[in-house]
Structure formats: structure tokens, C-alpha cells
file coords03.txt (compact mmCIF, C-alpha atoms and all ligand atoms)
# COMPACT_ATOMS: atom_id res chain seq x y z
CA MET Q 109 -11.35 -12.75 24.16
CA PRO Q 110 -13.46 -10.52 21.88
CA VAL Q 111 -12.76 -6.86 21.14
CA LEU Q 112 -11.14 -5.40 24.24
CA ASN Q 113 -13.75 -3.58 26.36
CA ARG Q 114 -11.52 -0.67 27.16
CA ILE Q 115 -10.75 -0.22 23.47
CA ALA Q 116 -14.43 -0.36 22.56
CA ASP Q 117 -14.98 2.45 25.09
CA GLN Q 118 -12.30 4.56 23.46
CA ALA Q 119 -13.33 3.88 19.86
CA GLY Q 120 -15.39 7.08 19.67
CA GLU Q 121 -12.36 9.17 20.48
CA VAL Q 122 -10.21 7.31 17.97
CA ALA Q 123 -12.95 7.96 15.37
CA GLU Q 124 -12.69 11.68 16.17
CA TRP Q 125 -8.94 11.59 15.52
CA ARG Q 126 -9.64 9.75 12.27
CA ARG Q 127 -12.20 12.33 11.15
CA HIS Q 128 -9.81 15.15 11.92
CA LEU Q 129 -7.10 13.50 9.80
CA HIS Q 130 -9.71 12.93 7.11
CA GLN Q 131 -10.42 16.66 6.84
CA TYR Q 132 -6.78 17.58 6.31
CA PRO Q 133 -5.33 15.05 3.84
CA GLU Q 134 -1.71 15.40 2.76
CA LEU Q 135 0.13 13.70 -0.10
CA LEU Q 136 3.26 11.54 -0.29
CA TYR Q 137 6.13 12.93 1.80
CA GLU Q 138 4.31 16.23 2.46
CA VAL Q 139 2.50 14.76 5.48
CA HIS Q 140 3.93 17.44 7.77
CA GLU Q 141 0.77 18.27 9.75
CA THR Q 142 -0.27 14.62 10.01
CA ALA Q 143 3.19 13.67 11.29
CA LYS Q 144 3.06 16.55 13.79
CA THR Q 145 -0.35 15.36 15.06
CA VAL Q 146 0.89 11.77 15.34
CA ALA Q 147 4.12 12.71 17.14
CA GLY Q 148 2.22 15.02 19.52
CA LYS Q 149 -0.19 12.27 20.50
CA LEU Q 150 2.55 9.66 20.95
CA LYS Q 151 4.37 12.04 23.31
CA ALA Q 152 1.16 12.78 25.20
CA PHE Q 153 0.49 9.04 25.61
CA GLY Q 154 3.90 8.67 27.25
CA CYS Q 155 5.88 6.73 24.65
CA ASP Q 156 9.42 6.08 25.88
CA GLU Q 157 10.79 7.64 22.73
CA VAL Q 158 9.23 9.49 19.79
CA VAL Q 159 11.41 10.00 16.73
CA THR Q 160 10.37 12.15 13.76
CA GLY Q 161 11.96 12.67 10.36
CA ILE Q 162 12.68 9.01 9.60
CA GLY Q 163 12.20 8.57 5.86
CA ARG Q 164 11.79 12.36 5.63
CA THR Q 165 8.41 12.66 7.38
CA GLY Q 166 7.95 9.27 9.05
CA VAL Q 167 7.31 8.99 12.80
CA VAL Q 168 8.29 6.18 15.17
CA GLY Q 169 7.11 5.62 18.75
CA VAL Q 170 8.86 3.28 21.17
CA ILE Q 171 6.80 1.66 23.94
CA LYS Q 172 8.52 -0.54 26.50
CA GLY Q 173 6.56 -3.21 28.34
CA SER Q 174 6.29 -3.37 32.13
CA LYS Q 175 8.79 -6.24 32.04
CA PRO Q 176 12.03 -6.45 30.11
CA GLY Q 177 12.26 -8.75 27.11
CA ASN Q 178 14.40 -9.27 24.06
CA LYS Q 179 11.62 -9.18 21.52
CA VAL Q 180 10.89 -6.04 19.49
CA ILE Q 181 7.69 -5.99 17.42
CA GLY Q 182 7.07 -3.32 14.77
CA MET Q 183 3.58 -2.28 13.67
CA ARG Q 184 3.12 -0.02 10.70
CA ALA Q 185 0.44 2.44 9.58
CA ASP Q 186 0.54 4.73 6.55
CA MET Q 187 -0.34 8.45 6.74
CA ASP Q 188 -0.66 9.76 3.16
CA ALA Q 189 -3.77 10.58 1.12
CA LEU Q 190 -4.50 10.69 -2.63
CA PRO Q 191 -4.85 13.42 -5.27
CA LEU Q 192 -8.65 13.15 -5.68
CA ASP Q 193 -11.65 15.43 -5.15
CA GLU Q 194 -13.87 13.89 -2.47
CA ILE Q 195 -17.58 13.53 -3.33
CA THR Q 196 -18.90 11.98 -0.10
CA GLY Q 197 -20.59 15.19 1.15
CA LEU Q 198 -19.82 14.03 4.71
CA PRO Q 199 -19.63 16.65 7.48
CA TYR Q 200 -15.97 15.72 7.97
CA ALA Q 201 -15.16 15.55 4.24
CA SER Q 202 -11.78 16.80 3.01
CA LYS Q 203 -11.28 20.53 3.42
CA VAL Q 204 -8.44 20.46 0.89
CA PRO Q 205 -9.44 20.63 -2.78
CA GLY Q 206 -7.85 17.92 -4.89
CA LYS Q 207 -6.80 15.77 -1.93
CA MET Q 208 -8.65 13.11 0.02
CA HIS Q 209 -8.11 10.07 2.22
CA ALA Q 210 -9.48 7.64 -0.38
CA CYS Q 211 -7.48 4.63 0.82
CA GLY Q 212 -8.33 4.75 4.53
CA HIS Q 213 -4.84 5.64 5.72
CA ASP Q 214 -6.58 8.08 8.09
CA GLY Q 215 -8.20 5.02 9.70
CA HIS Q 216 -4.95 3.04 9.75
CA THR Q 217 -3.16 5.92 11.48
CA ALA Q 218 -5.95 6.49 14.02
CA MET Q 219 -6.21 2.77 14.92
CA LEU Q 220 -2.48 2.43 15.51
CA LEU Q 221 -2.58 5.62 17.62
CA GLY Q 222 -5.42 4.07 19.64
CA ALA Q 223 -3.32 0.95 20.18
CA ALA Q 224 -0.29 3.05 21.14
CA ARG Q 225 -2.30 4.86 23.80
CA HIS Q 226 -3.60 1.60 25.24
CA LEU Q 227 -0.14 0.01 25.23
CA CYS Q 228 1.39 3.09 26.91
CA GLU Q 229 -1.28 2.99 29.63
CA THR Q 230 -1.26 -0.75 30.31
CA ARG Q 231 2.23 -1.97 29.28
CA ASN Q 232 1.07 -5.51 29.83
CA PHE Q 233 3.93 -7.12 27.90
CA ALA Q 234 7.61 -8.01 28.21
CA GLY Q 235 9.65 -6.46 25.43
CA THR Q 236 9.33 -3.45 23.13
CA ALA Q 237 6.54 -2.36 20.81
CA ILE Q 238 7.43 -0.01 17.96
CA VAL Q 239 4.66 1.96 16.25
CA ILE Q 240 5.67 3.05 12.75
CA PHE Q 241 3.85 5.81 10.84
CA GLN Q 242 5.13 6.06 7.30
CA PRO Q 243 4.73 8.70 4.59
CA ALA Q 244 4.32 8.16 0.85
CA GLU Q 245 2.76 4.71 0.60
CA GLU Q 246 0.87 5.81 -2.53
CA GLY Q 247 3.67 5.52 -5.06
CA GLY Q 248 6.49 7.23 -3.16
CA ALA Q 249 8.03 4.16 -1.48
CA GLY Q 250 7.93 5.81 1.95
CA ALA Q 251 8.54 2.43 3.60
CA LYS Q 252 11.79 2.11 1.68
CA ALA Q 253 12.78 5.63 2.70
CA MET Q 254 12.29 4.70 6.36
CA LEU Q 255 14.31 1.50 5.88
CA ASP Q 256 17.08 3.48 4.16
CA ASP Q 257 17.13 5.66 7.28
CA GLY Q 258 17.87 2.56 9.34
CA LEU Q 259 14.38 1.88 10.73
CA MET Q 260 14.94 -1.82 11.47
CA THR Q 261 18.45 -1.65 12.91
CA ARG Q 262 18.03 1.61 14.80
CA PHE Q 263 15.08 0.25 16.78
CA ASN Q 264 16.26 -3.37 16.68
CA ILE Q 265 12.95 -4.52 15.16
CA GLY Q 266 12.69 -8.31 14.89
CA GLU Q 267 9.28 -8.73 13.26
CA VAL Q 268 6.98 -6.29 11.50
CA TYR Q 269 3.23 -6.31 10.89
CA GLY Q 270 0.91 -4.30 8.66
CA MET Q 271 -2.83 -4.02 8.01
CA HIS Q 272 -5.05 -2.57 5.30
CA ASN Q 273 -8.80 -2.07 5.27
CA MET Q 274 -10.73 -3.93 2.58
CA PRO Q 275 -14.02 -2.67 1.12
CA GLY Q 276 -16.44 -5.53 0.45
CA LEU Q 277 -15.11 -7.57 3.37
CA PRO Q 278 -17.68 -7.25 6.19
CA ILE Q 279 -16.87 -5.28 9.35
CA GLY Q 280 -15.30 -7.54 11.96
CA LYS Q 281 -13.76 -9.90 9.43
CA PHE Q 282 -10.06 -10.38 8.77
CA ALA Q 283 -8.40 -11.98 5.75
CA MET Q 284 -4.82 -13.07 5.13
CA ARG Q 285 -2.69 -15.75 3.53
CA GLN Q 286 0.82 -17.13 3.84
CA GLY Q 287 3.26 -16.21 1.08
CA PRO Q 288 2.49 -13.66 -1.65
CA ILE Q 289 -0.59 -11.58 -0.77
CA MET Q 290 -0.07 -8.46 -2.92
CA ALA Q 291 1.65 -8.04 -6.25
CA ALA Q 292 4.89 -6.52 -7.42
CA ALA Q 293 3.90 -3.21 -9.03
CA ASP Q 294 6.13 -2.03 -11.87
CA ARG Q 295 5.82 0.93 -14.25
CA LEU Q 296 6.51 0.95 -17.94
CA THR Q 297 7.04 3.80 -20.36
CA ILE Q 298 7.39 3.28 -24.12
CA GLU Q 299 8.55 6.16 -26.31
CA ILE Q 300 7.89 5.46 -29.98
CA GLU Q 301 9.77 7.36 -32.63
CA GLY Q 302 8.60 7.16 -36.27
CA VAL Q 303 8.60 9.62 -39.11
CA GLY Q 304 6.04 12.42 -39.04
CA GLY Q 305 4.35 13.69 -42.13
CA HIS Q 306 1.21 14.67 -44.00
CA ALA Q 307 -1.76 12.50 -43.09
CA ALA Q 308 -2.68 12.22 -46.80
CA ARG Q 309 0.79 10.92 -47.75
CA PRO Q 310 1.31 8.09 -45.21
CA HIS Q 311 3.74 6.29 -47.55
CA PHE Q 312 6.32 9.00 -46.77
CA ALA Q 313 5.84 8.59 -43.01
CA VAL Q 314 6.21 5.97 -40.29
CA ASP Q 315 2.94 6.23 -38.41
CA THR Q 316 3.54 6.14 -34.64
CA VAL Q 317 -0.21 5.90 -33.92
CA LEU Q 318 -0.46 2.64 -35.85
CA VAL Q 319 2.76 1.34 -34.28
CA GLY Q 320 1.51 2.31 -30.79
CA ALA Q 321 -1.83 0.58 -31.36
CA GLN Q 322 -0.09 -2.61 -32.49
CA ILE Q 323 2.23 -2.51 -29.49
CA VAL Q 324 -0.78 -2.19 -27.16
CA ASN Q 325 -2.34 -5.22 -28.84
CA ALA Q 326 0.82 -7.28 -28.92
CA LEU Q 327 1.60 -6.62 -25.24
CA GLN Q 328 -1.63 -8.42 -24.35
CA SER Q 329 -0.14 -11.60 -25.80
CA ILE Q 330 2.40 -11.68 -22.96
CA VAL Q 331 -0.05 -12.61 -20.20
CA SER Q 332 -2.14 -14.85 -22.47
CA ARG Q 333 0.70 -16.61 -24.36
CA ASN Q 334 3.97 -16.29 -22.42
CA VAL Q 335 2.98 -16.48 -18.74
CA ASP Q 336 2.13 -19.94 -17.36
CA PRO Q 337 -1.69 -20.07 -17.12
CA LEU Q 338 -1.38 -21.18 -13.50
CA GLU Q 339 0.58 -18.03 -12.58
CA SER Q 340 -0.80 -14.51 -12.06
CA ALA Q 341 0.16 -11.44 -14.07
CA VAL Q 342 -1.33 -8.19 -15.36
CA VAL Q 343 -0.12 -5.87 -18.11
CA SER Q 344 -2.23 -2.72 -18.52
CA ILE Q 345 -1.51 0.18 -20.86
CA THR Q 346 -3.14 3.18 -19.26
CA LEU Q 347 -1.89 6.11 -21.33
CA PHE Q 348 -1.49 6.58 -25.10
CA GLN Q 349 -0.47 10.04 -26.25
CA ALA Q 350 0.20 11.02 -29.86
CA GLY Q 351 -0.50 13.89 -32.19
CA HIS Q 352 -2.24 17.24 -31.97
CA THR Q 353 -4.48 17.47 -35.03
CA ASP Q 354 -6.26 15.55 -37.79
CA ASN Q 355 -3.97 16.05 -40.79
CA VAL Q 356 -0.53 15.29 -39.35
CA ILE Q 357 1.00 11.88 -38.71
CA PRO Q 358 2.81 12.40 -35.41
CA GLN Q 359 6.56 11.87 -35.26
CA THR Q 360 6.36 10.39 -31.73
CA ALA Q 361 3.92 8.56 -29.49
CA LEU Q 362 4.03 7.72 -25.81
CA LEU Q 363 2.61 4.71 -23.98
CA ARG Q 364 2.58 4.18 -20.24
CA GLY Q 365 1.22 1.42 -18.07
CA THR Q 366 1.71 -1.02 -15.25
CA ALA Q 367 2.85 -4.65 -14.90
CA ARG Q 368 1.90 -6.80 -11.89
CA SER Q 369 3.10 -10.21 -10.78
CA LEU Q 370 3.21 -12.39 -7.67
CA ARG Q 371 6.49 -14.24 -8.18
CA ALA Q 372 10.00 -13.19 -9.15
CA PRO Q 373 10.34 -15.43 -12.26
CA VAL Q 374 7.06 -14.04 -13.63
CA ARG Q 375 8.24 -10.50 -12.94
CA ASP Q 376 11.47 -11.20 -14.85
CA LEU Q 377 9.49 -12.67 -17.73
CA LEU Q 378 7.17 -9.64 -17.93
CA GLU Q 379 10.10 -7.23 -18.05
CA LYS Q 380 11.92 -9.25 -20.73
CA ARG Q 381 8.87 -9.76 -22.96
CA ILE Q 382 7.56 -6.18 -22.68
CA VAL Q 383 10.90 -4.87 -23.94
CA GLU Q 384 11.14 -7.51 -26.70
CA VAL Q 385 7.56 -7.08 -27.91
CA ALA Q 386 7.60 -3.27 -27.96
CA GLU Q 387 11.00 -3.05 -29.66
CA GLY Q 388 10.17 -5.84 -32.08
CA VAL Q 389 6.81 -4.44 -33.19
CA ALA Q 390 8.33 -0.97 -33.64
CA ARG Q 391 11.19 -2.41 -35.73
CA LEU Q 392 8.71 -4.33 -37.89
CA HIS Q 393 7.26 -0.97 -38.97
CA GLY Q 394 10.53 0.92 -39.30
CA ALA Q 395 9.99 2.79 -36.03
CA LYS Q 396 11.97 2.73 -32.80
CA ALA Q 397 10.69 2.00 -29.30
CA ASN Q 398 12.56 3.11 -26.24
CA VAL Q 399 11.24 1.03 -23.30
CA LYS Q 400 11.77 1.92 -19.66
CA TYR Q 401 10.68 -0.74 -17.19
CA SER Q 402 10.98 0.42 -13.60
CA ARG Q 403 10.61 -1.99 -10.71
CA ASP Q 404 8.62 -0.10 -8.09
CA TYR Q 405 7.14 -2.16 -5.24
CA PRO Q 406 8.19 -5.77 -4.69
CA VAL Q 407 5.74 -8.61 -3.96
CA VAL Q 408 4.26 -8.50 -0.45
CA VAL Q 409 5.32 -11.88 0.94
CA ASN Q 410 3.90 -13.01 4.28
CA ASP Q 411 6.09 -15.13 6.52
CA GLU Q 412 4.35 -18.45 7.30
CA ARG Q 413 4.83 -18.46 11.04
CA ALA Q 414 4.02 -14.75 11.41
CA THR Q 415 0.86 -15.21 9.33
CA ASP Q 416 -0.29 -18.08 11.56
CA PHE Q 417 0.38 -15.89 14.57
CA ALA Q 418 -1.52 -12.93 13.06
CA ALA Q 419 -4.43 -15.29 12.28
CA SER Q 420 -4.49 -16.53 15.87
CA ILE Q 421 -4.78 -12.94 17.12
CA ALA Q 422 -7.51 -12.14 14.60
CA ARG Q 423 -9.47 -15.24 15.73
CA GLU Q 424 -9.13 -14.19 19.35
CA ILE Q 425 -10.56 -10.75 18.50
CA THR Q 426 -13.40 -11.70 16.20
CA GLY Q 427 -13.92 -15.48 16.32
CA GLU Q 428 -12.83 -18.31 14.09
CA PRO Q 429 -15.56 -18.02 11.37
CA ASN Q 430 -14.61 -14.38 10.74
CA VAL Q 431 -10.99 -15.05 9.84
CA ASP Q 432 -10.13 -16.20 6.33
CA THR Q 433 -6.57 -17.50 6.25
CA ARG Q 434 -6.68 -18.48 2.58
CA THR Q 435 -7.81 -15.24 0.99
CA PRO Q 436 -6.73 -14.97 -2.67
CA PRO Q 437 -3.87 -12.54 -3.30
CA VAL Q 438 -4.72 -9.19 -4.89
CA MET Q 439 -2.81 -7.65 -7.79
CA GLY Q 440 -2.60 -4.22 -6.16
CA GLY Q 441 0.79 -3.07 -4.86
CA GLU Q 442 1.77 -2.04 -1.33
CA ASP Q 443 5.13 -0.73 -0.19
CA PHE Q 444 4.96 -2.68 3.08
CA ALA Q 445 6.62 -5.22 0.76
CA PHE Q 446 9.94 -3.50 1.47
CA MET Q 447 9.51 -3.97 5.22
CA LEU Q 448 8.70 -7.66 4.72
CA GLU Q 449 11.87 -8.01 2.65
CA ALA Q 450 13.80 -6.65 5.63
CA ARG Q 451 12.08 -8.60 8.43
CA PRO Q 452 9.61 -11.49 8.75
CA GLY Q 453 6.03 -10.48 9.42
CA ALA Q 454 2.52 -10.45 8.04
CA PHE Q 455 0.24 -8.07 6.17
CA ILE Q 456 -3.47 -8.64 6.71
CA PHE Q 457 -6.77 -7.23 5.45
CA MET Q 458 -9.53 -5.95 7.72
CA GLY Q 459 -13.16 -5.57 6.61
CA ASN Q 460 -14.37 -2.06 5.74
CA GLY Q 461 -17.92 -3.26 5.05
CA ASP Q 462 -20.03 -2.25 2.11
CA SER Q 463 -18.11 0.94 1.26
CA ALA Q 464 -17.03 2.47 -2.04
CA ASN Q 465 -13.83 0.97 -3.33
CA LEU Q 466 -10.32 2.09 -2.42
CA HIS Q 467 -9.20 5.17 -4.40
CA HIS Q 468 -12.83 6.02 -5.30
CA PRO Q 469 -13.98 9.63 -4.64
CA ALA Q 470 -16.93 8.33 -2.56
CA TYR Q 471 -14.77 6.05 -0.37
CA ASP Q 472 -14.73 6.52 3.41
CA PHE Q 473 -13.01 4.48 6.09
CA ASN Q 474 -15.65 2.79 8.26
CA ASP Q 475 -15.27 3.87 11.90
CA SER Q 476 -17.06 0.75 13.15
CA ALA Q 477 -13.92 -1.19 12.16
CA ILE Q 478 -11.83 0.74 14.70
CA PRO Q 479 -12.35 -1.56 17.73
CA TYR Q 480 -11.28 -4.60 15.65
CA GLY Q 481 -8.14 -3.01 14.22
CA THR Q 482 -7.06 -1.42 17.49
CA SER Q 483 -7.69 -4.61 19.50
CA TYR Q 484 -5.71 -6.58 16.92
CA TRP Q 485 -2.65 -4.38 17.40
CA VAL Q 486 -2.86 -4.47 21.19
CA ARG Q 487 -3.34 -8.23 21.44
CA LEU Q 488 -0.60 -8.80 18.86
CA VAL Q 489 1.90 -7.12 21.19
CA GLU Q 490 0.56 -8.69 24.38
CA SER Q 491 0.52 -12.19 22.87
CA ALA Q 492 3.87 -12.00 21.09
CA MET Q 493 5.58 -10.78 24.24
CA PRO Q 494 3.57 -12.06 27.26
CA ALA Q 495 4.41 -10.35 30.56
NI NI K 1 -3.71 2.12 0.92

call {"tool": "encode", "arguments": {"input": "coords03.txt", "output": "C-alpha cells"}}
result
Amino acid sequence: MPVLNRIADQAGEVAEWRRHLHQYPELLYEVHETAKTVAGKLKAFGCDEVVTGIGRTGVVGVIKGSKPGNKVIGMRADMDALPLDEITGLPYASKVPGKMHACGHDGHTAMLLGAARHLCETRNFAGTAIVIFQPAEEGGAGAKAMLDDGLMTRFNIGEVYGMHNMPGLPIGKFAMRQGPIMAAADRLTIEIEGVGGHAARPHFAVDTVLVGAQIVNALQSIVSRNVDPLESAVVSITLFQAGHTDNVIPQTALLRGTARSLRAPVRDLLEKRIVEVAEGVARLHGAKANVKYSRDYPVVVNDERATDFAASIAREITGEPNVDTRTPPVMGGEDFAFMLEARPGAFIFMGNGDSANLHHPAYDFNDSAIPYGTSYWVRLVESAMPA
């Protein structure tokens, strides 16, 4: 069965919802208006239960099938935008300066709403479908906040599925893999303390700029010399702050950055070596380095059986040649990882066509992907819990 006809008919309306969300982006947990819109629609569709305020501003809709069943399937969309100024010039561009939907969460939310409406109208399944709309995917761990509020146990969710659009992957194509598909995303902060002084008398100072530069260099030896070449890891220093003028050696310097990995032993190794290298290089120069390594998002690990199931649904929607089940993992992070730690499930990518990249100010979710994403959600429920 290709894209569901009825869903194709309704895609224009779902695109209108998406464009409305696009004009009013909200950040992190402050997705109050978006959550209100989502909850209002879920109630209007006739969800059996609509619960707000889970994980502060998350929304959950419960849809029972026409027949009873023990299975409960969770499907998750994210609602938050990014702190960027949009440059698309589109008629429905962001009306909020400094905020835009640059990751397509407007599209994710609209597609899951479209699926919720269809499921409420048809209820052609035996069991319970749970639609999950989370806040704060972009660095706020909104998924974890919803889990901490009892998301899985409260609604008795047995399996959970997620989807993200992928620029560069053609419209109508899906990509996924078993096991790790997105990286653990950790943050590091290195405070360097030396001895400030006159720039012309460096022998009386401990130069934190030089120490910082050598730490940046030395950290690059971790991925190239410590990590197994057959494993995947990234260490990027993205901020280096020191000093205010040209004739003073600064007393302190600050480095910040990110570390990514796909497996727990590699993650442990990165943390250990980043601390050792930064502290060691600082000590070598008579400075001190205070390293904070914070574990943010875990690895997104797809359950094997759930991934096979997700792939079978994707094939049904778009045809075998359009589904890549061995897509390489990406080193970006995604807080759906927390949900997959709690329950088995699968996170898949859906083509966004030839668009600007995620988090770019010219990015826009491609509305022609809507029928594929919405059909995927509907068929996932109907196939997992046949009536
Ligand atoms: Ni995203």
C-alpha cells in the first residue's frame, strides 16, 4: 500500500498547521502556545484523553482502537525551535525575531497531529496509540523531563518510535539502521588558570593563551591516537575566550566544546582522556585546568526487532528501493535516546529533499514529505496492533 489516499487528501491542511507553527516558533520548555495548539487539536480530533504539562510543557494524546488490545505504542514528535534569525523570506517565515523552526520540528509536530486525526477518525486497530509531543529537544532534554514525569508507566507504553527529517535525503525516502544511529552528545568546559602579567615580561607570567592553544591541539590527539580507528568519535573545541587587550597576558582562559561517540566504552575513554590531557598540559606549563565533562544525551540505540518493523512499514508506504536499512549513523545528538533507554523502539530518518541543512537560517521543512511521514505513523499503529 502506498501513501494512504485519505492522508494525501488531508496533506494540504496538515501543511497549513505546519506553516502556522512555523510562524510562531518557541524555544526549549517555553513552547506554551505550541502546546496549547497541539492539545486543542487533539481534543477536537476526539482523543480519549489529552494530558498537558508532562515534562513541564509536553502534551500526550491517548487514542484507543476500535477493538481492545494489550499493546500500547508511543509515537513522539518534538515541538521546540532554535535561537536563529530566519533568512528564507518565505510568506510564512518566522514572525518572532531571533527564533525559527530550523530543525523541522514544526513538520514533525504537524505530521503526528495529522496521524492522530486519522487514527481518531478510523480507529482501525486493537490496542492503544499514544501521541507524544515533547518540549526542549534542542539541548534541554525534554524527553528526559517527560520520562521523569512518568510518561512510560503512566500510559503503559510498551514500545516507542521517533522520526526526524533529513535534508539531502530525497522526498519519499526513509533511512534507518539497527543499533546506534545517533551519537552521545556531551559538553566540556575547561577553565585554565595561569598567572597574568605584562605582555612584555612573559617570564613573570604563566600564559593561559599559550596553554589553551596547546590544550586545543593536544585534545585532537585523543580521536587520532587513543580511540580505536574502527570506532567513531568527535572532539570539537568551539569556544576559546581569553584576554581583553594587546599588552596583558590574561590570568584565565576558557575553552568549551563537544564530545561525540557511538558506544559506551568510547564515551568513557573520551571523558577520561579529555580530563587527563587538559590537566596534564596545563600542569606542564605551571597552570591549572579545571575540566567539567557533562554527559548530556546518550547514544540513540535502535532495537533490532523494532527497526525491522519500522522498515517494513516504510517499505509499505514508499516501496522497497526507497528504504535504506543500513544508513550510516550520524554524530549529531537527539534526546529521543532517553526514550529508547526506557523502552524498545526505533528512530528513523525521512527525506526532506534538497533543502538547506538542519539548523541553517535558510532551512525549511518540506511540506511534500507530509504524506509519507503521516502515513508512516498511521500504518505503524495499524500494523503493530491489527484490528
Ligand atoms: Ni531536530

call {"tool": "closest_residue", "arguments": {"input": "coords03.txt", "among": "Q:His226, Q:Arg231, Q:Arg451, Q:Lys400", "to": "Ile382 of chain Q", "atoms": "all atoms listed in the file"}}
result
Q:Lys400

call {"tool": "residues_near_ligand", "arguments": {"input": "coords03.txt", "ligand": "ligand NI 1 (chain K)", "cutoff": "7 Å", "atoms": "only C-alpha atoms and all ligand atoms", "output": "PyMOL selection string"}}
result
chain Q and resi 211-213+245-246+272

call {"tool": "write_last_selection", "arguments": {"input": "coords03.txt", "atoms": "C-alpha atoms", "output": "JSON list (two decimals), keeping the file's coordinate frame"}}
result
[["chain", "number", "residue", "atom", "x", "y", "z"],
["Q", 211, "CYS", "CA", -7.48, 4.63, 0.82],
["Q", 212, "GLY", "CA", -8.33, 4.75, 4.53],
["Q", 213, "HIS", "CA", -4.84, 5.64, 5.72],
["Q", 245, "GLU", "CA", 2.76, 4.71, 0.60],
["Q", 246, "GLU", "CA", 0.87, 5.81, -2.53],
["Q", 272, "HIS", "CA", -5.05, -2.57, 5.30]]

call {"tool": "residues_around", "arguments": {"input": "coords03.txt", "residues": "Ala454 of chain Q", "least_positions_apart": "6", "cutoff": "8 Å", "atoms": "all atoms listed in the file", "output": "ChimeraX atom specification"}}
result
/Q:268-270,409-411,414-415,418,448

call {"tool": "closest_atom_pairs", "arguments": {"input": "coords03.txt", "of": "segment 144-209 of chain Q", "to": "segment 480-494 of chain Q", "cutoff": "8 Å", "atoms": "only C-alpha atoms", "output": "JSON lines"}}
result
{"residue": "Q:Gly177", "atom": "CA", "partner": "Q:Met493", "partner_atom": "CA", "distance": 7.5}
{"residue": "Q:Lys179", "atom": "CA", "partner": "Q:Met493", "partner_atom": "CA", "distance": 6.8}
{"residue": "Q:Ile181", "atom": "CA", "partner": "Q:Val489", "partner_atom": "CA", "distance": 7.0}
{"residue": "Q:Met183", "atom": "CA", "partner": "Q:Trp485", "partner_atom": "CA", "distance": 7.6}

call {"tool": "residues_around", "arguments": {"input": "coords03.txt", "residues": "segment 429-433 of chain Q", "least_positions_apart": "5", "cutoff": "10 Å", "atoms": "all atoms listed in the file", "output": "list in words"}}
result
Pro278, Ile279, Gly280, Lys281, Phe282, Ala283, Met284, Arg285, Gln286, Thr415, Asp416, Ala418, Ala419, Ser420, Ile421, Ala422, Arg423, Glu424, Ile456, Phe457, Met458 and Gly459 of chain Q

call {"tool": "atom_distance", "arguments": {"input": "coords03.txt", "atom1": "atom CA of Ala152 of chain Q", "atom2": "atom CA of Thr165 of chain Q"}}
result
19.2 Å

call {"tool": "closest_residue", "arguments": {"input": "coords03.txt", "among": "Q:Leu227, Q:Val314, Q:Gln322, Q:His130", "to": "Pro199 of chain Q", "atoms": "only C-alpha atoms"}}
result
Q:His130

call {"tool": "build_atoms", "arguments": {"input": "coords03.txt", "residues": "segment 132-147 of chain Q", "atoms": "N, CA and C atoms", "output": "compact mmCIF listing (two decimals), in the coordinates of the input"}}
result
# COMPACT_ATOMS: atom_id res chain seq x y z
N TYR Q 132 -8.02 16.90 6.72
CA TYR Q 132 -6.78 17.58 6.31
C TYR Q 132 -5.81 16.60 5.66
N PRO Q 133 -6.18 16.04 4.51
CA PRO Q 133 -5.33 15.05 3.84
C PRO Q 133 -4.06 15.69 3.29
N GLU Q 134 -2.98 14.93 3.32
CA GLU Q 134 -1.71 15.40 2.76
C GLU Q 134 -1.13 14.29 1.90
N LEU Q 135 -0.35 14.67 0.90
CA LEU Q 135 0.13 13.70 -0.10
C LEU Q 135 1.59 13.29 0.15
N LEU Q 136 1.90 12.06 -0.21
CA LEU Q 136 3.26 11.54 -0.29
C LEU Q 136 4.11 11.93 0.92
N TYR Q 137 5.23 12.59 0.69
CA TYR Q 137 6.13 12.93 1.80
C TYR Q 137 5.73 14.23 2.49
N GLU Q 138 4.70 14.93 1.91
CA GLU Q 138 4.31 16.23 2.46
C GLU Q 138 3.31 16.08 3.61
N VAL Q 139 3.46 15.03 4.39
CA VAL Q 139 2.50 14.76 5.48
C VAL Q 139 2.94 15.46 6.77
N HIS Q 140 3.34 16.73 6.63
CA HIS Q 140 3.93 17.44 7.77
C HIS Q 140 2.96 17.60 8.95
N GLU Q 141 1.74 18.04 8.66
CA GLU Q 141 0.77 18.27 9.75
C GLU Q 141 0.33 16.95 10.37
N THR Q 142 0.13 15.94 9.51
CA THR Q 142 -0.27 14.62 10.01
C THR Q 142 0.82 14.07 10.93
N ALA Q 143 2.06 14.17 10.49
CA ALA Q 143 3.19 13.67 11.29
C ALA Q 143 3.28 14.43 12.62
N LYS Q 144 3.01 15.74 12.57
CA LYS Q 144 3.06 16.55 13.79
C LYS Q 144 1.96 16.09 14.77
N THR Q 145 0.76 15.85 14.23
CA THR Q 145 -0.35 15.36 15.06
C THR Q 145 0.01 14.01 15.68
N VAL Q 146 0.54 13.11 14.87
CA VAL Q 146 0.89 11.77 15.34
C VAL Q 146 1.96 11.86 16.44
N ALA Q 147 3.02 12.60 16.17
CA ALA Q 147 4.12 12.71 17.14
C ALA Q 147 3.63 13.34 18.43
